[in-house]
>>> print(open('data07.cif').read())   # mmCIF, C-alpha atoms
data_start
loop_
_atom_site.label_atom_id
_atom_site.label_comp_id
_atom_site.auth_asym_id
_atom_site.auth_seq_id
_atom_site.Cartn_x
_atom_site.Cartn_y
_atom_site.Cartn_z
CA MET A 1172 11.06 21.90 93.73
CA ILE A 1173 13.83 22.79 91.34
CA GLU A 1174 15.36 24.90 94.13
CA GLU A 1175 15.76 21.79 96.31
CA GLN A 1176 17.41 19.85 93.49
CA LEU A 1177 19.63 22.79 92.62
CA GLY A 1178 20.52 23.25 96.30
CA ARG A 1179 21.66 19.63 96.60
CA CYS A 1180 23.59 19.91 93.34
CA VAL A 1181 25.29 23.20 94.26
CA ALA A 1182 26.25 21.96 97.76
CA SER A 1183 28.20 19.11 96.15
CA TRP A 1184 30.67 21.41 94.37
CA TYR A 1185 30.36 24.88 95.95
CA PRO A 1186 31.97 24.70 99.41
CA GLY A 1187 29.95 26.56 102.01
CA ALA A 1188 26.84 27.03 99.85
CA THR A 1189 23.76 26.65 102.04
CA GLY A 1190 21.02 26.64 99.44
CA VAL A 1191 19.41 28.19 96.42
CA THR A 1192 16.73 30.89 96.16
CA GLY A 1193 14.88 32.90 93.56
CA ALA A 1194 14.76 30.23 90.84
CA ALA A 1195 12.94 31.63 87.82
CA LYS A 1196 12.57 30.19 84.34
CA LEU A 1197 13.84 32.71 81.79
CA SER A 1198 13.03 30.86 78.62
CA GLY A 1199 12.35 27.44 77.41
CA GLY A 1200 10.70 25.24 74.89
CA ALA A 1201 9.94 21.60 75.53
CA SER A 1202 13.50 20.38 75.20
CA GLN A 1203 15.65 23.21 76.53
CA GLU A 1204 15.29 25.58 79.48
CA THR A 1205 17.20 28.47 81.01
CA TRP A 1206 16.80 29.19 84.71
CA SER A 1207 18.17 32.05 86.78
CA PHE A 1208 18.79 31.49 90.52
CA ASP A 1209 20.86 32.71 93.45
CA ILE A 1210 23.32 30.58 95.38
CA VAL A 1211 23.21 31.43 99.09
CA HIS A 1212 26.61 31.50 100.75
CA PRO A 1213 27.93 33.00 104.02
CA ASP A 1214 30.07 35.36 101.90
CA GLY A 1215 27.01 36.63 100.06
CA VAL A 1216 24.61 35.74 97.29
CA PHE A 1217 26.01 34.53 93.98
CA GLY A 1218 23.92 34.82 90.79
CA ALA A 1219 23.84 31.74 88.58
CA ILE A 1220 22.20 30.39 85.43
CA LEU A 1221 21.15 26.82 84.68
CA ARG A 1222 20.96 25.83 81.04
CA ARG A 1223 19.56 22.35 80.61
CA SER A 1224 17.50 19.76 78.82
CA PRO A 1225 15.20 18.40 81.53
CA PRO A 1226 15.40 14.67 82.34
CA GLY A 1227 13.93 12.70 79.44
CA TYR A 1228 15.04 15.18 76.78
CA GLY A 1229 18.47 13.99 75.74
CA ALA A 1230 18.72 14.38 71.99
CA ALA A 1231 19.50 17.79 70.57
CA PRO A 1232 18.19 18.86 67.15
CA SER A 1233 20.55 17.94 64.35
CA ARG A 1234 22.09 21.39 63.92
CA ALA A 1235 22.70 21.88 67.64
CA ALA A 1236 26.13 21.29 69.09
CA GLY A 1237 24.63 19.85 72.29
CA LEU A 1238 24.82 21.24 75.81
CA ASP A 1239 27.97 19.29 76.73
CA ALA A 1240 29.76 20.80 73.75
CA GLU A 1241 28.41 24.26 74.66
CA ALA A 1242 29.89 23.94 78.15
CA VAL A 1243 33.30 22.99 76.74
CA LEU A 1244 33.20 25.89 74.26
CA MET A 1245 32.23 28.41 76.93
CA ARG A 1246 35.06 27.21 79.17
CA LEU A 1247 37.57 27.49 76.34
CA ALA A 1248 36.27 30.94 75.41
CA TYR A 1249 36.44 32.09 79.04
CA GLU A 1250 40.00 30.85 79.43
CA ALA A 1251 41.02 32.58 76.19
CA GLY A 1252 39.69 35.90 77.45
CA VAL A 1253 36.56 36.02 75.28
CA PRO A 1254 33.85 37.74 77.37
CA SER A 1255 31.90 34.72 78.53
CA PRO A 1256 30.12 33.57 81.68
CA LYS A 1257 32.23 31.25 83.81
CA VAL A 1258 30.94 27.67 83.59
CA MET A 1259 30.84 26.38 87.16
CA HIS A 1260 29.42 22.90 86.88
CA VAL A 1261 28.44 20.40 84.18
CA LEU A 1262 25.40 18.37 85.25
CA ARG A 1263 26.00 14.74 86.17
CA PRO A 1264 23.41 11.94 86.28
CA GLN A 1265 23.33 12.01 90.10
CA ASP A 1266 22.27 15.69 90.01
CA ASP A 1267 18.92 14.50 88.58
CA LEU A 1268 18.50 17.79 86.71
CA GLY A 1269 18.84 16.46 83.16
CA THR A 1270 21.78 17.40 80.96
CA GLY A 1271 23.36 20.83 80.79
CA PHE A 1272 25.46 23.10 82.94
CA ILE A 1273 25.47 25.87 85.53
CA MET A 1274 27.28 29.15 84.88
CA ALA A 1275 27.81 32.49 86.56
CA ARG A 1276 25.09 35.05 85.83
CA VAL A 1277 26.42 38.09 83.97
CA GLU A 1278 24.38 41.25 84.58
CA GLY A 1279 23.46 43.33 81.56
CA GLU A 1280 21.02 43.67 78.68
CA THR A 1281 20.31 41.37 75.73
CA ILE A 1282 17.22 43.10 74.31
CA ALA A 1283 18.22 44.90 71.12
CA ARG A 1284 15.71 47.74 71.32
CA LYS A 1285 16.97 48.72 74.77
CA ILE A 1286 20.62 48.44 73.75
CA LEU A 1287 19.94 50.62 70.70
CA ARG A 1288 17.79 53.24 72.40
CA ASP A 1289 18.35 53.44 76.18
CA GLU A 1290 20.46 56.30 77.48
CA GLN A 1291 22.56 54.01 79.71
CA PHE A 1292 24.08 52.39 76.59
CA ALA A 1293 24.73 55.67 74.74
CA LYS A 1294 28.44 55.62 75.53
CA ALA A 1295 28.79 51.90 74.74
CA ARG A 1296 27.06 51.98 71.34
CA PRO A 1297 29.85 53.63 69.33
CA MET A 1298 32.37 51.12 70.72
CA LEU A 1299 30.37 47.93 70.21
CA ALA A 1300 31.20 47.14 66.58
CA ARG A 1301 34.92 47.34 67.21
CA GLN A 1302 34.62 45.34 70.43
CA LEU A 1303 32.61 42.66 68.69
CA GLY A 1304 35.28 42.45 66.00
CA GLN A 1305 37.79 41.69 68.75
CA VAL A 1306 35.43 39.19 70.39
CA ALA A 1307 34.86 37.40 67.07
CA ALA A 1308 38.61 37.25 66.53
CA GLY A 1309 38.97 35.67 69.96
CA ILE A 1310 36.38 33.02 69.10
CA HIS A 1311 37.96 32.30 65.71
CA GLY A 1312 41.37 32.04 67.32
CA LEU A 1313 40.44 29.20 69.71
CA ASP A 1314 42.68 26.15 69.32
CA LEU A 1315 40.94 23.65 67.03
CA ALA A 1316 42.70 20.75 68.76
CA GLN A 1317 40.87 21.47 72.02
CA LEU A 1318 37.36 21.81 70.56
CA PRO A 1319 34.63 19.21 71.08
CA LYS A 1320 33.24 17.37 68.07
CA LEU A 1321 31.32 19.85 65.91
CA ARG A 1322 29.69 19.70 62.49
CA ARG A 1323 31.79 21.05 59.62
CA MET A 1324 29.94 23.55 57.43
CA THR A 1325 30.79 25.11 54.09
CA ALA A 1326 28.90 27.67 52.03
CA ALA A 1327 27.88 24.95 49.57
CA LYS A 1328 26.49 22.76 52.38
CA GLU A 1329 24.61 25.70 53.87
CA VAL A 1330 23.06 26.58 50.49
CA PHE A 1331 22.08 22.94 50.04
CA GLU A 1332 20.37 22.85 53.44
CA LEU A 1333 18.56 26.16 52.89
CA GLU A 1334 17.35 24.99 49.50
CA ARG A 1335 16.11 21.71 50.98
CA ASP A 1336 14.25 23.59 53.74
CA TYR A 1337 12.78 26.05 51.23
CA HIS A 1338 11.47 23.24 49.04
CA SER A 1339 10.05 21.41 52.04
CA PHE A 1340 7.66 24.35 52.62
CA ASP A 1341 6.21 23.86 49.11
CA TRP A 1342 5.37 27.56 48.79
CA PRO A 1343 6.90 29.42 45.84
CA ARG A 1344 8.98 32.48 46.66
CA PRO A 1345 10.70 33.88 43.59
CA VAL A 1346 12.89 36.19 45.71
CA PHE A 1347 14.22 33.23 47.71
CA ALA A 1348 14.81 31.36 44.44
CA LEU A 1349 16.78 34.39 43.22
CA ALA A 1350 18.85 34.49 46.41
CA LEU A 1351 19.56 30.75 46.29
CA ARG A 1352 20.65 31.08 42.68
CA TRP A 1353 22.88 34.07 43.54
CA LEU A 1354 24.46 32.17 46.42
CA ARG A 1355 25.23 29.17 44.21
CA ASP A 1356 26.67 31.43 41.51
CA HIS A 1357 28.77 33.47 43.96
CA ASP A 1358 30.01 30.74 46.32
CA PRO A 1359 33.56 31.89 47.10
CA GLY A 1360 34.62 28.29 47.71
CA PRO A 1361 35.94 26.76 50.91
CA SER A 1362 37.72 29.31 53.07
CA GLU A 1363 41.49 29.09 53.33
CA GLU A 1364 41.15 28.82 57.04
CA VAL A 1365 38.64 26.72 58.94
CA THR A 1366 37.91 27.95 62.47
CA LEU A 1367 35.36 27.66 65.22
CA VAL A 1368 32.26 29.64 64.15
CA HIS A 1369 29.87 30.79 66.87
CA GLY A 1370 26.94 30.42 64.46
CA ASP A 1371 24.50 32.82 66.12
CA PHE A 1372 26.60 35.93 66.79
CA ARG A 1373 23.94 38.65 67.07
CA HIS A 1374 21.60 40.62 69.38
CA GLY A 1375 19.92 38.38 71.91
CA ASN A 1376 23.04 36.30 72.39
CA LEU A 1377 25.22 39.19 73.54
CA ILE A 1378 25.09 40.67 77.04
CA ILE A 1379 25.79 44.38 76.84
CA GLY A 1380 26.48 46.74 79.73
CA PRO A 1381 27.04 50.50 79.81
CA ASP A 1382 30.75 49.58 79.48
CA GLY A 1383 30.26 47.46 76.34
CA VAL A 1384 30.23 43.74 75.55
CA ARG A 1385 30.14 41.62 78.70
CA ALA A 1386 29.41 38.12 77.44
CA VAL A 1387 28.69 35.99 74.39
CA LEU A 1388 25.93 33.43 74.99
CA ASP A 1389 24.21 30.54 73.27
CA TRP A 1390 26.76 28.39 71.49
CA GLU A 1391 24.03 26.03 70.32
CA LEU A 1392 24.80 26.58 66.63
CA ALA A 1393 28.59 26.50 66.95
CA HIS A 1394 30.36 24.62 64.16
CA LEU A 1395 33.57 24.55 62.15
CA GLY A 1396 33.66 26.65 59.02
CA ASP A 1397 34.42 29.99 57.39
CA PRO A 1398 35.07 32.59 60.13
CA MET A 1399 33.57 35.29 57.89
CA GLU A 1400 30.16 33.69 58.49
CA ASP A 1401 29.96 35.22 62.00
CA LEU A 1402 30.85 38.68 60.65
CA GLY A 1403 28.23 38.40 57.90
CA TRP A 1404 25.50 37.17 60.27
CA ILE A 1405 25.83 40.13 62.62
CA CYS A 1406 25.41 42.48 59.62
CA VAL A 1407 22.05 40.96 58.57
CA ASN A 1408 19.47 43.74 58.46
CA SER A 1409 17.05 41.76 60.64
CA TRP A 1410 19.38 42.44 63.62
CA ARG A 1411 19.49 46.22 63.05
CA PHE A 1412 16.05 46.78 64.56
CA GLY A 1413 15.26 49.79 62.43
CA GLU A 1414 18.74 51.38 62.49
CA ILE A 1415 19.30 50.27 58.91
CA ASP A 1416 22.21 52.61 58.20
CA LYS A 1417 24.32 50.99 60.92
CA PRO A 1418 24.98 47.55 59.50
CA VAL A 1419 26.54 45.98 62.58
CA GLY A 1420 23.64 45.25 64.93
CA GLY A 1421 22.14 48.70 64.35
CA PHE A 1422 24.99 50.34 66.29
CA GLY A 1423 28.12 50.36 64.14
CA THR A 1424 29.93 50.21 60.84
CA ARG A 1425 31.53 47.30 59.04
CA GLU A 1426 34.77 49.29 59.05
CA ASP A 1427 34.79 49.35 62.87
CA LEU A 1428 33.93 45.66 63.05
CA PHE A 1429 36.77 44.81 60.68
CA ALA A 1430 39.18 47.17 62.46
CA GLY A 1431 38.53 45.44 65.78
CA TYR A 1432 38.93 42.07 64.12
CA GLU A 1433 42.22 43.05 62.51
CA ALA A 1434 43.56 44.73 65.65
CA ALA A 1435 43.25 41.30 67.25
CA GLY A 1436 45.56 39.90 64.59
CA ARG A 1437 43.10 38.41 62.09
CA ARG A 1438 42.17 39.34 58.52
CA ALA A 1439 38.63 40.27 57.51
CA ASP A 1440 37.50 39.55 53.95
CA PRO A 1441 34.72 42.05 53.09
CA ALA A 1442 33.62 40.17 49.94
CA ARG A 1443 33.13 36.93 51.88
CA VAL A 1444 31.36 38.85 54.65
CA LYS A 1445 28.92 40.26 52.08
CA PHE A 1446 28.30 36.75 50.74
CA TRP A 1447 27.49 35.50 54.25
CA GLU A 1448 25.26 38.52 54.86
CA VAL A 1449 23.15 37.49 51.86
CA MET A 1450 23.19 33.89 53.13
CA GLY A 1451 22.21 35.02 56.62
CA THR A 1452 19.36 37.19 55.35
CA LEU A 1453 17.95 34.24 53.42
CA ARG A 1454 18.57 31.94 56.37
CA TRP A 1455 16.52 34.13 58.71
CA GLY A 1456 13.76 34.32 56.08
CA ILE A 1457 13.66 30.54 55.81
CA MET A 1458 13.71 30.24 59.60
CA CYS A 1459 10.63 32.51 59.70
CA CYS A 1460 8.89 30.18 57.24
CA GLY A 1461 9.90 27.25 59.44
CA MET A 1462 8.21 28.87 62.45
CA MET A 1463 5.02 29.15 60.41
CA GLN A 1464 5.27 25.42 59.63
CA ARG A 1465 5.71 24.56 63.30
CA PHE A 1466 2.67 26.70 64.10
CA ARG A 1467 0.59 24.94 61.47
CA SER A 1468 1.70 21.40 62.22
CA GLY A 1469 0.98 21.84 65.89
CA PRO A 1470 3.91 21.54 68.28
CA ASP A 1471 3.84 25.26 69.00
CA HIS A 1472 0.44 26.58 67.99
CA SER A 1473 1.03 30.11 69.24
CA MET A 1474 0.04 33.29 67.45
CA GLU A 1475 3.59 34.64 68.04
CA ARG A 1476 4.97 31.86 65.89
CA ALA A 1477 2.27 32.37 63.30
CA MET A 1478 3.09 36.07 63.08
CA ILE A 1479 6.82 35.40 62.65
CA GLY A 1480 5.82 33.61 59.45
CA ARG A 1481 4.68 37.00 58.17
CA ARG A 1482 8.14 38.43 58.77
CA SER A 1483 9.78 36.41 56.03
CA SER A 1484 8.77 39.15 53.57
CA GLU A 1485 11.07 41.49 55.51
CA THR A 1486 13.99 39.36 54.39
CA GLU A 1487 12.70 39.45 50.82
CA ILE A 1488 12.92 43.22 50.66
CA ASP A 1489 16.36 43.06 52.29
CA LEU A 1490 17.51 40.47 49.76
CA LEU A 1491 16.31 42.73 46.92
CA ARG A 1492 18.14 45.68 48.49
CA LEU A 1493 21.30 43.55 48.51
CA LEU A 1494 20.96 41.85 45.11
CA ALA A 1495 18.85 44.19 42.97
CA PRO A 1496 19.21 47.69 44.46
CA ARG A 1497 17.09 50.29 42.75
CA GLY A 1498 18.80 53.36 41.35
CA LYS A 1499 17.93 56.35 43.48
CA MET B 798 -24.60 38.22 49.69
CA GLN B 799 -23.38 38.60 53.25
CA ASP B 800 -24.63 41.54 55.26
CA GLU B 801 -22.75 44.47 56.67
CA PRO B 802 -20.57 45.26 58.59
CA THR B 803 -17.72 44.03 56.41
CA PRO B 804 -14.93 41.79 57.74
CA THR B 805 -12.59 44.78 57.54
CA GLU B 806 -14.86 46.88 59.71
CA LEU B 807 -15.17 44.05 62.25
CA THR B 808 -11.46 43.24 62.57
CA LYS B 809 -10.67 46.93 62.83
CA ALA B 810 -13.29 47.45 65.55
CA VAL B 811 -11.95 44.49 67.57
CA ALA B 812 -8.35 45.66 67.19
CA ASP B 813 -9.28 49.18 68.28
CA PHE B 814 -11.13 47.82 71.32
CA LEU B 815 -8.13 45.70 72.37
CA ARG B 816 -5.73 48.59 71.74
CA ASN B 817 -7.68 51.30 73.52
CA GLU B 818 -9.64 49.52 76.24
CA ILE B 819 -7.72 46.35 77.13
CA THR B 820 -4.05 47.28 76.65
CA PRO B 821 -3.99 49.66 79.66
CA MET B 822 -5.29 46.80 81.89
CA ILE B 823 -2.66 44.17 80.94
CA SER B 824 0.99 43.86 81.97
CA GLY B 825 3.93 41.47 81.73
CA HIS B 826 4.15 38.70 79.16
CA ASN B 827 0.45 38.92 78.38
CA ALA B 828 0.93 42.56 77.39
CA PHE B 829 3.47 41.38 74.83
CA LYS B 830 1.06 38.70 73.59
CA LEU B 831 -1.75 41.22 73.38
CA ARG B 832 0.43 43.45 71.22
CA VAL B 833 1.10 40.51 68.90
CA ALA B 834 -2.64 39.80 68.77
CA ILE B 835 -3.43 43.40 67.83
CA ASN B 836 -0.69 43.31 65.19
CA ALA B 837 -2.26 40.16 63.75
CA LEU B 838 -5.70 41.79 63.52
CA ASP B 839 -4.20 44.91 61.93
CA LEU B 840 -2.44 42.70 59.40
CA VAL B 841 -5.70 40.93 58.53
CA THR B 842 -7.41 44.30 58.13
CA ARG B 843 -4.70 45.50 55.75
CA GLN B 844 -4.79 42.25 53.79
CA LEU B 845 -8.56 42.44 53.37
CA ALA B 846 -8.19 45.95 51.98
CA LEU B 847 -5.13 45.43 49.75
CA GLU B 848 -5.01 41.79 48.69
CA GLN B 849 -7.39 41.86 45.75
CA GLY B 850 -5.75 44.74 43.95
CA GLY B 851 -2.23 43.51 44.67
CA ASP B 852 -2.96 39.95 43.54
CA ALA B 853 -4.62 41.07 40.31
CA ALA B 854 -1.69 43.29 39.38
CA GLU B 855 0.79 40.55 40.31
CA ALA B 856 -1.05 37.99 38.16
CA ALA B 857 -1.12 40.39 35.21
CA ARG B 858 2.64 41.03 35.48
CA LEU B 859 3.40 37.31 35.82
CA THR B 860 1.22 36.39 32.84
CA GLN B 861 3.16 38.82 30.70
CA LEU B 862 6.57 37.97 32.13
CA LEU B 863 6.11 34.22 31.72
CA ASP B 864 3.85 34.27 28.67
CA MET B 865 1.53 31.72 30.27
CA GLN B 866 -1.82 31.51 32.05
CA GLY B 867 -2.54 29.99 35.43
CA SER B 868 -3.42 30.57 39.05
CA LEU B 869 -1.28 32.97 41.04
CA ALA B 870 0.35 30.05 42.85
CA ASP B 871 1.09 28.25 39.56
CA LEU B 872 2.55 31.41 38.05
CA ASN B 873 4.76 32.03 41.07
CA ARG B 874 5.90 28.42 41.01
CA ALA B 875 6.80 28.74 37.34
CA LEU B 876 8.74 31.94 37.95
CA ALA B 877 10.62 30.46 40.93
CA ASP B 878 11.51 27.41 38.81
CA ARG B 879 12.77 29.52 35.92
CA ILE B 880 14.92 31.58 38.27
CA ALA B 881 16.28 28.43 39.92
CA ARG B 882 17.21 26.99 36.51
CA GLY B 883 18.83 30.23 35.43
CA GLU B 884 16.29 30.75 32.61
CA ALA B 885 15.23 34.05 34.16
CA ASP B 886 17.47 36.46 36.03
CA LEU B 887 17.83 40.13 36.89
CA GLN B 888 18.70 40.87 33.25
CA THR B 889 15.33 39.50 32.13
CA PRO B 890 13.23 42.55 31.12
CA GLY B 891 10.63 43.33 33.77
CA LEU B 892 11.80 40.73 36.28
CA SER B 893 13.47 43.04 38.78
CA ASP B 894 10.55 45.51 38.65
CA HIS B 895 8.12 42.66 39.16
CA LEU B 896 9.95 41.27 42.20
CA TRP B 897 10.20 44.74 43.70
CA GLN B 898 6.52 45.57 43.16
CA THR B 899 5.39 42.20 44.50
CA THR B 900 7.62 42.49 47.57
CA MET B 901 6.50 46.07 48.26
CA ASP B 902 2.88 44.90 48.08
CA LYS B 903 3.64 42.10 50.57
CA LEU B 904 5.33 44.50 52.99
CA ALA B 905 2.40 46.91 52.75
CA VAL B 906 0.32 44.14 54.33
CA ASP B 907 2.88 42.32 56.52
CA GLN B 908 5.07 45.07 58.02
CA PRO B 909 4.43 48.61 56.74
CA ASN B 910 6.64 49.93 59.57
CA TYR B 911 9.68 47.90 58.54
CA ALA B 912 12.52 50.39 58.06
CA SER B 913 13.71 48.97 54.71
CA TYR B 914 10.17 49.28 53.34
CA LYS B 915 9.76 52.86 54.52
CA ARG B 916 13.15 53.74 52.99
CA GLU B 917 12.16 52.25 49.64
CA LEU B 918 8.83 54.10 49.70
CA GLU B 919 10.65 57.40 50.28
CA GLY B 920 13.09 56.56 47.50
CA LYS B 921 10.24 56.06 45.11
CA ARG B 922 8.57 59.32 46.03
CA SER B 923 11.65 61.52 45.81
#
>>> encode(input="data07.cif", output="structure tokens")
Amino acid sequence: MIEEQLGRCVASWYPGATGVTGAAKLSGGASQETWSFDIVHPDGVFGAILRRSPPGYGAAPSRAAGLDAEAVLMRLAYEAGVPSPKVMHVLRPQDDLGTGFIMARVEGETIARKILRDEQFAKARPMLARQLGQVAAGIHGLDLAQLPKLRRMTAAKEVFELERDYHSFDWPRPVFALALRWLRDHDPGPSEEVTLVHGDFRHGNLIIGPDGVRAVLDWELAHLGDPMEDLGWICVNSWRFGEIDKPVGGFGTREDLFAGYEAAGRRADPARVKFWEVMGTLRWGIMCCGMMQRFRSGPDHSMERAMIGRRSSETEIDLLRLLAPRGK
Amino acid sequence: MQDEPTPTELTKAVADFLRNEITPMISGHNAFKLRVAINALDLVTRQLALEQGGDAAEAARLTQLLDMQGSLADLNRALADRIARGEADLQTPGLSDHLWQTTMDKLAVDQPNYASYKRELEGKRS
């Protein structure tokens, strides 16, 4: 059924396209879905991705930039040379597919454990941190005047929101209280420069090939703020998948990340990055608690979600390693 | 008094059955879900074995640290509040050790394979 709708949609903007095959849902909750499909054309088959909110699901959660904004950001990133899938079509009401967009499918791997362990990525791994520094610099260098409307975040606002979420769970966690206190006491203040921040720059949202970074995905949490936030987030231990001595995604060093960033003409601020790493560690811990709440209150009563609740203690030990390291 | 076998023996037997007999028969997304299910049962088994001792030690440390009596939840709430207000911090004698011990006890139940936890265990032994 979705293939028929997609076929009609694609025919209206892809000259010569004769139909769509192989539609498969890759992921999706109630309000947002990702589909992979192939566009059939006399010149050959073209791989595509649909990212949409189905008809009837218009409103995005408050933190989300919205799919229309995501499409604009991906187009800007693509044009600026940031590795990014080409956005081919933004859905219109007459497409009857909901809201969202269609983009080119980029082949590669997003699963961290494969990227960190499979032989085919062995040559890419040592280059990734530096490449991602360059990619982040490209994102942070996008012209603010061209960006869609995005929420403006500061460290103080982020701490406020995390604290509010933490209190809403009504479950005491002295380590989280310690981290919140540390963040309030060490807030470096508004950054000198406000840029586009990807907001979820980490494994899962990066397509990696044997040749390195191929695409940055999922701009859902994009906002305006301190560019060092993206560099801190990708250093959070939760994204190292066991390779805890390689702070950048389990494959590289901060020095390489910063070198790539600076080679692209931007300045990294290691102290601010460390601050955002602490923030990010706490943020993931609070997100884990949030999954537990969603499990308990019903909308997603799955044991996977329940078990993620038991991963918040991982962020507690990581916060202690950051804030109260034990003398060895 | 409830009869034997104990809850620990039962959850462990079910987890072992799923791991050894069912896992080889399942593939795809359900294989992933089965792994999560086995992890959940293993977690329950560990909690049943470790919770009592860990909780008692945690309560004893909190009672001393805070100089007050109460349930474990009340004591943790009081400690979190004092930290939030800045009345207790890492310079407070015993606080850092308490947070570390409590967190290590949580990881021993939740995720004993988590790399940070294994590293800290080694550090303590060496």
>>> residues_near_point(input="data07.cif", point="(3.9, 42.3, 65.0)", cutoff="9 Å", atoms="all atoms listed in the file", output="list in words")
Glu1475, Met1478, Ile1479, Arg1481 and Arg1482 of chain A; Arg832, Val833, Ala834, Ile835, Asn836, Ala837, Leu840, Asp907 and Gln908 of chain B
>>> write_last_selection(input="data07.cif", atoms="C-alpha atoms", output="mmCIF file, in the coordinates of the input")
data_model
loop_
_atom_site.group_PDB
_atom_site.id
_atom_site.type_symbol
_atom_site.label_atom_id
_atom_site.label_comp_id
_atom_site.auth_asym_id
_atom_site.auth_seq_id
_atom_site.Cartn_x
_atom_site.Cartn_y
_atom_site.Cartn_z
ATOM 1 C CA GLU A 1475 3.590 34.640 68.040
ATOM 2 C CA MET A 1478 3.090 36.070 63.080
ATOM 3 C CA ILE A 1479 6.820 35.400 62.650
ATOM 4 C CA ARG A 1481 4.680 37.000 58.170
ATOM 5 C CA ARG A 1482 8.140 38.430 58.770
ATOM 6 C CA ARG B 832 0.430 43.450 71.220
ATOM 7 C CA VAL B 833 1.100 40.510 68.900
ATOM 8 C CA ALA B 834 -2.640 39.800 68.770
ATOM 9 C CA ILE B 835 -3.430 43.400 67.830
ATOM 10 C CA ASN B 836 -0.690 43.310 65.190
ATOM 11 C CA ALA B 837 -2.260 40.160 63.750
ATOM 12 C CA LEU B 840 -2.440 42.700 59.400
ATOM 13 C CA ASP B 907 2.880 42.320 56.520
ATOM 14 C CA GLN B 908 5.070 45.070 58.020
#
>>> resolve_selection(input="data07.cif", expression="the PyMOL selection byres ((chain B and resi 895) around 12)", output="PDB file with C-alpha atoms, keeping the file's coordinate frame")
ATOM      1  CA  PRO A1345      10.700  33.880  43.590  1.00  0.00           C
ATOM      2  CA  VAL A1346      12.890  36.190  45.710  1.00  0.00           C
ATOM      3  CA  LEU A1491      16.310  42.730  46.920  1.00  0.00           C
ATOM      4  CA  ALA A1495      18.850  44.190  42.970  1.00  0.00           C
TER       5      ALA A1495
ATOM      6  CA  GLY B 851      -2.230  43.510  44.670  1.00  0.00           C
ATOM      7  CA  ALA B 854      -1.690  43.290  39.380  1.00  0.00           C
ATOM      8  CA  GLU B 855       0.790  40.550  40.310  1.00  0.00           C
ATOM      9  CA  ALA B 856      -1.050  37.990  38.160  1.00  0.00           C
ATOM     10  CA  ALA B 857      -1.120  40.390  35.210  1.00  0.00           C
ATOM     11  CA  ARG B 858       2.640  41.030  35.480  1.00  0.00           C
ATOM     12  CA  LEU B 859       3.400  37.310  35.820  1.00  0.00           C
ATOM     13  CA  THR B 860       1.220  36.390  32.840  1.00  0.00           C
ATOM     14  CA  GLN B 861       3.160  38.820  30.700  1.00  0.00           C
ATOM     15  CA  LEU B 862       6.570  37.970  32.130  1.00  0.00           C
ATOM     16  CA  LEU B 863       6.110  34.220  31.720  1.00  0.00           C
ATOM     17  CA  ASN B 873       4.760  32.030  41.070  1.00  0.00           C
ATOM     18  CA  LEU B 876       8.740  31.940  37.950  1.00  0.00           C
ATOM     19  CA  ASP B 886      17.470  36.460  36.030  1.00  0.00           C
ATOM     20  CA  LEU B 887      17.830  40.130  36.890  1.00  0.00           C
ATOM     21  CA  THR B 889      15.330  39.500  32.130  1.00  0.00           C
ATOM     22  CA  PRO B 890      13.230  42.550  31.120  1.00  0.00           C
ATOM     23  CA  GLY B 891      10.630  43.330  33.770  1.00  0.00           C
ATOM     24  CA  LEU B 892      11.800  40.730  36.280  1.00  0.00           C
ATOM     25  CA  SER B 893      13.470  43.040  38.780  1.00  0.00           C
ATOM     26  CA  ASP B 894      10.550  45.510  38.650  1.00  0.00           C
ATOM     27  CA  LEU B 896       9.950  41.270  42.200  1.00  0.00           C
ATOM     28  CA  TRP B 897      10.200  44.740  43.700  1.00  0.00           C
ATOM     29  CA  GLN B 898       6.520  45.570  43.160  1.00  0.00           C
ATOM     30  CA  THR B 899       5.390  42.200  44.500  1.00  0.00           C
ATOM     31  CA  THR B 900       7.620  42.490  47.570  1.00  0.00           C
ATOM     32  CA  MET B 901       6.500  46.070  48.260  1.00  0.00           C
ATOM     33  CA  ASP B 902       2.880  44.900  48.080  1.00  0.00           C
TER      34      ASP B 902
END
>>> resolve_selection(input="data07.cif", expression="the PyMOL selection byres ((chain A) within 12 of (chain B))", output="JSON, numbers by chain")
{"A": [1197, 1198, 1334, 1337, 1338, 1341, 1342, 1343, 1344, 1345, 1346, 1347, 1348, 1349, 1350, 1351, 1352, 1353, 1354, 1355, 1356, 1408, 1409, 1410, 1411, 1412, 1413, 1414, 1415, 1416, 1421, 1473, 1474, 1475, 1476, 1477, 1478, 1479, 1480, 1481, 1482, 1483, 1484, 1485, 1486, 1487, 1488, 1489, 1490, 1491, 1492, 1493, 1494, 1495, 1496, 1497, 1498, 1499]}
>>> resolve_selection(input="data07.cif", expression="the PyMOL selection byres ((chain A and resi 1214-1229) around 6)", output="PyMOL selection string")
chain A and resi 1202-1213+1230+1269-1276
>>> closest_residue(input="data07.cif", among="A:Cys1180, A:Ala1283, A:Ala1308, A:Met1458", to="Pro1254 of chain A", atoms="only C-alpha atoms")
A:Ala1308
>>> residues_near_point(input="data07.cif", point="(-6.0, 42.5, 54.8)", cutoff="10 Å", atoms="all atoms listed in the file", output="ChimeraX atom specification")
/B:804-805,808,837-849,905-907
>>> atom_distance(input="data07.cif", atom1="atom CA of Ile1282 of chain A", atom2="atom CA of His1311 of chain A")
24.9 Å
>>> closest_residue(input="data07.cif", among="A:Glu1174, A:Asp1401, A:Asp1471, A:Glu1290", to="Val1306 of chain A", atoms="only C-alpha atoms")
A:Asp1401
>>> atom_distance(input="data07.cif", atom1="atom CA of Gly1190 of chain A", atom2="atom CA of Asp1266 of chain A")
14.5 Å
